[in-house]
Amino acid sequence: MFSAPSAFQRAAVPPDSQEPESRHPRPTGEGAVATATAPDRASDPTTDPAPAPAKHRDAWFDNVKYLAIVLVAVAHAWEPVMDDSRATRALYMVVYAFHMPAFIVVSGYFSRSFDMSPRKVKRLVSTVVVPYVLFETAYSLFRRYAGGYDDTPISLLDPLFLTWFLVALFIWRVTTPLWRSLRHPLPIAVAIGLLAVTTPEIGDDLDLQRVLQFLPFFVLGLVLRPEHFELVRRREVRVLAVPLFAGALALAYWLAPRTQLGWLYHSSSAQELDAPWWSGVVIYLAMLACALVLTIGFLALTPRRPLWFTVLGAGTICGYLLHGFLVKGAGYFGLFDRYPWLSNPVGLVVVSVVAAAAVTLLCTPPVRRALRFATEPNLDRMFRREPARR
């Protein structure tokens, strides 16, 4: 926490101000920094939203994905330099309150028809399982050799940094038929999230706290219909979204020195955050409500027409998985300690612009093509051929 609302000391900010790489204990000296497709494809917000030709893509969904991944990258870049800025910490809190829920809602929406058919299972393995194995290994090796943490294991059971989302997406996707068969899936998903936030015994494997606490957003996406998104995109909703974010930022500015950021990550139970179990229930429900309202505001403010960055929405998986190497690498090589001016207002603007520009480049078609072997590999030889339909 900060010592006072008007006084900020860089060294005094605790580890809760940075997203954990995993739930396993890490050396205290490290600063932990932390995709929508057609229903029959990888339905996370980092993959294509429809199997139709590009001319039929919904520009709005591509814009949502691109802007969301920019917010992810910029927020991760703020973590090492926001210690001295209450305003930046407030911005960080607002962004973290909705950017992953927005990703997950869209993921659920485009997972509605997932039914464990051979074709969809193959697609799930190629776009979620394989990238997880490759990038979990890559981030572990990067931390071990570039970061100097020789004890970093390569464990597929302990997601490192941002790879937790791929684990969560896999679990949510394979349970989609169950959620689709239930009469009232959303209240059940919320109840599961409440049980998770009050159960420290869940353990560390597969980052299940995050999987379960973020589950309601995925299930919400499953139950949404196109007309719901049309309501969000109405003009009056866009108008209301502006004062909504202004109010959220003002509230976050007031809460900044008083709030433990661990609540935003949904990676720990209430007891692990040194709070009684009943406060976990209250805070979790409040954060669900805040995330939902801010997600609606974000979706409403996203432009509907094709723009220069619309095409980049198809490559956000690359931006998501690659930008972590830049953020973590900057920390490992002491960039932020070597240039303390990056914590000043001008430096924060520079960090934000550089992070946005870098993730934009990582979403471009050339990068997507170059990385296809890892994000969309051809696994035809691994699977049996489907029998021809009569």
# chains A, B, ... in the order shown; residues from 1 in each chain; ligands from 1
>>> select_by_dssp(residues="segment 74-291 of chain A", states="alpha helix (DSSP H)", output="number ranges by chain")
A: 74-78, 86-109, 118-124, 130-145, 164-174, 176-181, 185-197, 208-213, 215-223, 226-232, 235-255, 262-265, 277-291
>>> closest_residue(among="A:Leu321, A:Gly193, A:Phe161, A:Leu335", to="Val281 of chain A", atoms="only C-alpha atoms")
A:Gly193
>>> atom_distance(atom1="atom CA of Ser111 of chain A", atom2="atom CA of Gly221 of chain A")
8.1 Å
>>> residues_around(residues="segment 225-234 of chain A", least_positions_apart="4", cutoff="7 Å", atoms="only C-alpha atoms", output="ChimeraX atom specification")
/A:238,296,299-300
>>> closest_residue(among="A:Thr176, A:Val70, A:Tyr139, A:Gly247", to="Ala358 of chain A", atoms="only C-alpha atoms")
A:Val70
>>> residues_around(residues="Arg305 of chain A", least_positions_apart="5", cutoff="9 Å", atoms="only C-alpha atoms", output="VMD selection string")
chain A and resid 58 to 60 63 310
>>> write_last_selection(atoms="N, CA, C and O atoms", output="PDB file, in the first residue's frame")
ATOM      1  N   ASP A  58     -16.887  -9.194 -38.988  1.00  0.00           N
ATOM      2  CA  ASP A  58     -17.512  -8.099 -38.268  1.00  0.00           C
ATOM      3  C   ASP A  58     -16.408  -7.177 -37.768  1.00  0.00           C
ATOM      4  O   ASP A  58     -15.630  -7.542 -36.876  1.00  0.00           O
ATOM      5  N   ALA A  59     -16.320  -5.996 -38.349  1.00  0.00           N
ATOM      6  CA  ALA A  59     -15.252  -5.065 -37.991  1.00  0.00           C
ATOM      7  C   ALA A  59     -15.292  -4.702 -36.517  1.00  0.00           C
ATOM      8  O   ALA A  59     -14.251  -4.471 -35.894  1.00  0.00           O
ATOM      9  N   TRP A  60     -16.495  -4.668 -35.943  1.00  0.00           N
ATOM     10  CA  TRP A  60     -16.611  -4.282 -34.534  1.00  0.00           C
ATOM     11  C   TRP A  60     -15.907  -5.270 -33.621  1.00  0.00           C
ATOM     12  O   TRP A  60     -15.177  -4.870 -32.714  1.00  0.00           O
ATOM     13  N   ASN A  63     -12.218  -4.796 -33.932  1.00  0.00           N
ATOM     14  CA  ASN A  63     -11.805  -3.596 -33.203  1.00  0.00           C
ATOM     15  C   ASN A  63     -11.764  -3.843 -31.697  1.00  0.00           C
ATOM     16  O   ASN A  63     -10.859  -3.378 -31.000  1.00  0.00           O
ATOM     17  N   THR A 310      -8.371  -2.421 -37.806  1.00  0.00           N
ATOM     18  CA  THR A 310      -9.343  -3.517 -37.796  1.00  0.00           C
ATOM     19  C   THR A 310      -8.719  -4.831 -38.214  1.00  0.00           C
ATOM     20  O   THR A 310      -8.976  -5.884 -37.607  1.00  0.00           O
TER      21      THR A 310
END
>>> residues_around(residues="segment 199-215 of chain A", least_positions_apart="2", cutoff="7 Å", atoms="only C-alpha atoms", output="list of chain:residue names")
A:Arg23, A:His24, A:Leu157, A:Asp158, A:Pro159, A:Trp164, A:Val167, A:Ala168, A:Ala189, A:Ile192, A:Gly193, A:Leu195, A:Ala196, A:Val197, A:Phe217, A:Phe218, A:Val219, A:His266, A:Ser267, A:Ser268, A:Ser269, A:Gln271, A:Glu272
>>> decode(residues="segment 176-187 of chain A", atoms="all heavy atoms", output="mmCIF file, in the first residue's frame")
data_model
loop_
_atom_site.group_PDB
_atom_site.id
_atom_site.type_symbol
_atom_site.label_atom_id
_atom_site.label_comp_id
_atom_site.auth_asym_id
_atom_site.auth_seq_id
_atom_site.Cartn_x
_atom_site.Cartn_y
_atom_site.Cartn_z
ATOM 1 N N THR A 176 -18.203 -26.408 -22.252
ATOM 2 C CA THR A 176 -19.280 -25.658 -22.903
ATOM 3 C C THR A 176 -20.555 -26.476 -23.084
ATOM 4 O O THR A 176 -21.664 -25.971 -22.806
ATOM 5 C CB THR A 176 -18.796 -25.093 -24.249
ATOM 6 O OG1 THR A 176 -17.825 -24.079 -24.006
ATOM 7 C CG2 THR A 176 -19.939 -24.497 -25.047
ATOM 8 N N PRO A 177 -20.478 -27.733 -23.556
ATOM 9 C CA PRO A 177 -21.730 -28.504 -23.687
ATOM 10 C C PRO A 177 -22.502 -28.613 -22.375
ATOM 11 O O PRO A 177 -23.745 -28.601 -22.380
ATOM 12 C CB PRO A 177 -21.239 -29.875 -24.173
ATOM 13 C CG PRO A 177 -19.960 -29.582 -24.890
ATOM 14 C CD PRO A 177 -19.327 -28.476 -24.096
ATOM 15 N N LEU A 178 -21.796 -28.719 -21.270
ATOM 16 C CA LEU A 178 -22.468 -28.769 -19.974
ATOM 17 C C LEU A 178 -23.206 -27.474 -19.680
ATOM 18 O O LEU A 178 -24.387 -27.473 -19.313
ATOM 19 C CB LEU A 178 -21.451 -29.060 -18.870
ATOM 20 C CG LEU A 178 -21.949 -28.921 -17.423
ATOM 21 C CD1 LEU A 178 -23.065 -29.916 -17.151
ATOM 22 C CD2 LEU A 178 -20.805 -29.089 -16.441
ATOM 23 N N TRP A 179 -22.524 -26.358 -19.839
ATOM 24 C CA TRP A 179 -23.152 -25.067 -19.556
ATOM 25 C C TRP A 179 -24.322 -24.811 -20.488
ATOM 26 O O TRP A 179 -25.339 -24.232 -20.070
ATOM 27 C CB TRP A 179 -22.120 -23.944 -19.665
ATOM 28 C CG TRP A 179 -21.017 -24.069 -18.668
ATOM 29 C CD1 TRP A 179 -19.703 -24.364 -18.919
ATOM 30 C CD2 TRP A 179 -21.136 -23.950 -17.248
ATOM 31 N NE1 TRP A 179 -19.000 -24.432 -17.748
ATOM 32 C CE2 TRP A 179 -19.845 -24.174 -16.702
ATOM 33 C CE3 TRP A 179 -22.188 -23.667 -16.390
ATOM 34 C CZ2 TRP A 179 -19.605 -24.130 -15.340
ATOM 35 C CZ3 TRP A 179 -21.963 -23.621 -15.031
ATOM 36 C CH2 TRP A 179 -20.674 -23.851 -14.517
ATOM 37 N N ARG A 180 -24.207 -25.250 -21.739
ATOM 38 C CA ARG A 180 -25.293 -25.032 -22.697
ATOM 39 C C ARG A 180 -26.520 -25.884 -22.381
ATOM 40 O O ARG A 180 -27.627 -25.569 -22.814
ATOM 41 C CB ARG A 180 -24.798 -25.333 -24.112
ATOM 42 C CG ARG A 180 -23.696 -24.407 -24.610
ATOM 43 C CD ARG A 180 -24.231 -23.053 -24.974
ATOM 44 N NE ARG A 180 -25.044 -23.097 -26.179
ATOM 45 C CZ ARG A 180 -25.817 -22.093 -26.595
ATOM 46 N NH1 ARG A 180 -25.877 -20.981 -25.892
ATOM 47 N NH2 ARG A 180 -26.526 -22.196 -27.699
ATOM 48 N N SER A 181 -26.309 -26.970 -21.650
ATOM 49 C CA SER A 181 -27.431 -27.861 -21.335
ATOM 50 C C SER A 181 -28.170 -27.463 -20.062
ATOM 51 O O SER A 181 -29.283 -27.926 -19.814
ATOM 52 C CB SER A 181 -26.935 -29.305 -21.203
ATOM 53 O OG SER A 181 -26.101 -29.455 -20.067
ATOM 54 N N LEU A 182 -27.559 -26.597 -19.254
ATOM 55 C CA LEU A 182 -28.193 -26.188 -18.006
ATOM 56 C C LEU A 182 -29.267 -25.127 -18.245
ATOM 57 O O LEU A 182 -29.140 -24.292 -19.143
ATOM 58 C CB LEU A 182 -27.146 -25.632 -17.038
ATOM 59 C CG LEU A 182 -26.116 -26.638 -16.509
ATOM 60 C CD1 LEU A 182 -25.059 -25.919 -15.684
ATOM 61 C CD2 LEU A 182 -26.797 -27.723 -15.676
ATOM 62 N N ARG A 183 -30.293 -25.145 -17.420
ATOM 63 C CA ARG A 183 -31.373 -24.173 -17.569
ATOM 64 C C ARG A 183 -30.956 -22.798 -17.066
ATOM 65 O O ARG A 183 -31.320 -21.770 -17.634
ATOM 66 C CB ARG A 183 -32.611 -24.668 -16.816
ATOM 67 C CG ARG A 183 -33.816 -23.746 -16.929
ATOM 68 C CD ARG A 183 -35.064 -24.402 -16.385
ATOM 69 N NE ARG A 183 -35.446 -25.573 -17.175
ATOM 70 C CZ ARG A 183 -36.493 -26.336 -16.898
ATOM 71 N NH1 ARG A 183 -37.256 -26.058 -15.831
ATOM 72 N NH2 ARG A 183 -36.789 -27.375 -17.642
ATOM 73 N N HIS A 184 -30.205 -22.746 -15.977
ATOM 74 C CA HIS A 184 -29.757 -21.470 -15.417
ATOM 75 C C HIS A 184 -28.246 -21.534 -15.171
ATOM 76 O O HIS A 184 -27.794 -21.611 -14.023
ATOM 77 C CB HIS A 184 -30.502 -21.165 -14.116
ATOM 78 C CG HIS A 184 -31.989 -21.138 -14.255
ATOM 79 N ND1 HIS A 184 -32.646 -20.170 -14.978
ATOM 80 C CD2 HIS A 184 -32.955 -21.981 -13.772
ATOM 81 C CE1 HIS A 184 -33.949 -20.389 -14.941
ATOM 82 N NE2 HIS A 184 -34.161 -21.481 -14.223
ATOM 83 N N PRO A 185 -27.447 -21.481 -16.226
ATOM 84 C CA PRO A 185 -25.992 -21.667 -16.058
ATOM 85 C C PRO A 185 -25.293 -20.505 -15.356
ATOM 86 O O PRO A 185 -24.336 -20.718 -14.619
ATOM 87 C CB PRO A 185 -25.499 -21.819 -17.489
ATOM 88 C CG PRO A 185 -26.509 -21.084 -18.322
ATOM 89 C CD PRO A 185 -27.821 -21.303 -17.638
ATOM 90 N N LEU A 186 -25.766 -19.287 -15.576
ATOM 91 C CA LEU A 186 -25.041 -18.135 -15.028
ATOM 92 C C LEU A 186 -25.050 -18.094 -13.508
ATOM 93 O O LEU A 186 -23.989 -17.891 -12.889
ATOM 94 C CB LEU A 186 -25.591 -16.840 -15.619
ATOM 95 C CG LEU A 186 -24.770 -15.580 -15.356
ATOM 96 C CD1 LEU A 186 -23.322 -15.763 -15.806
ATOM 97 C CD2 LEU A 186 -25.396 -14.387 -16.069
ATOM 98 N N PRO A 187 -26.197 -18.277 -12.832
ATOM 99 C CA PRO A 187 -26.149 -18.301 -11.357
ATOM 100 C C PRO A 187 -25.251 -19.407 -10.814
ATOM 101 O O PRO A 187 -24.578 -19.219 -9.794
ATOM 102 C CB PRO A 187 -27.617 -18.525 -10.959
ATOM 103 C CG PRO A 187 -28.418 -18.038 -12.117
ATOM 104 C CD PRO A 187 -27.586 -18.362 -13.327
#
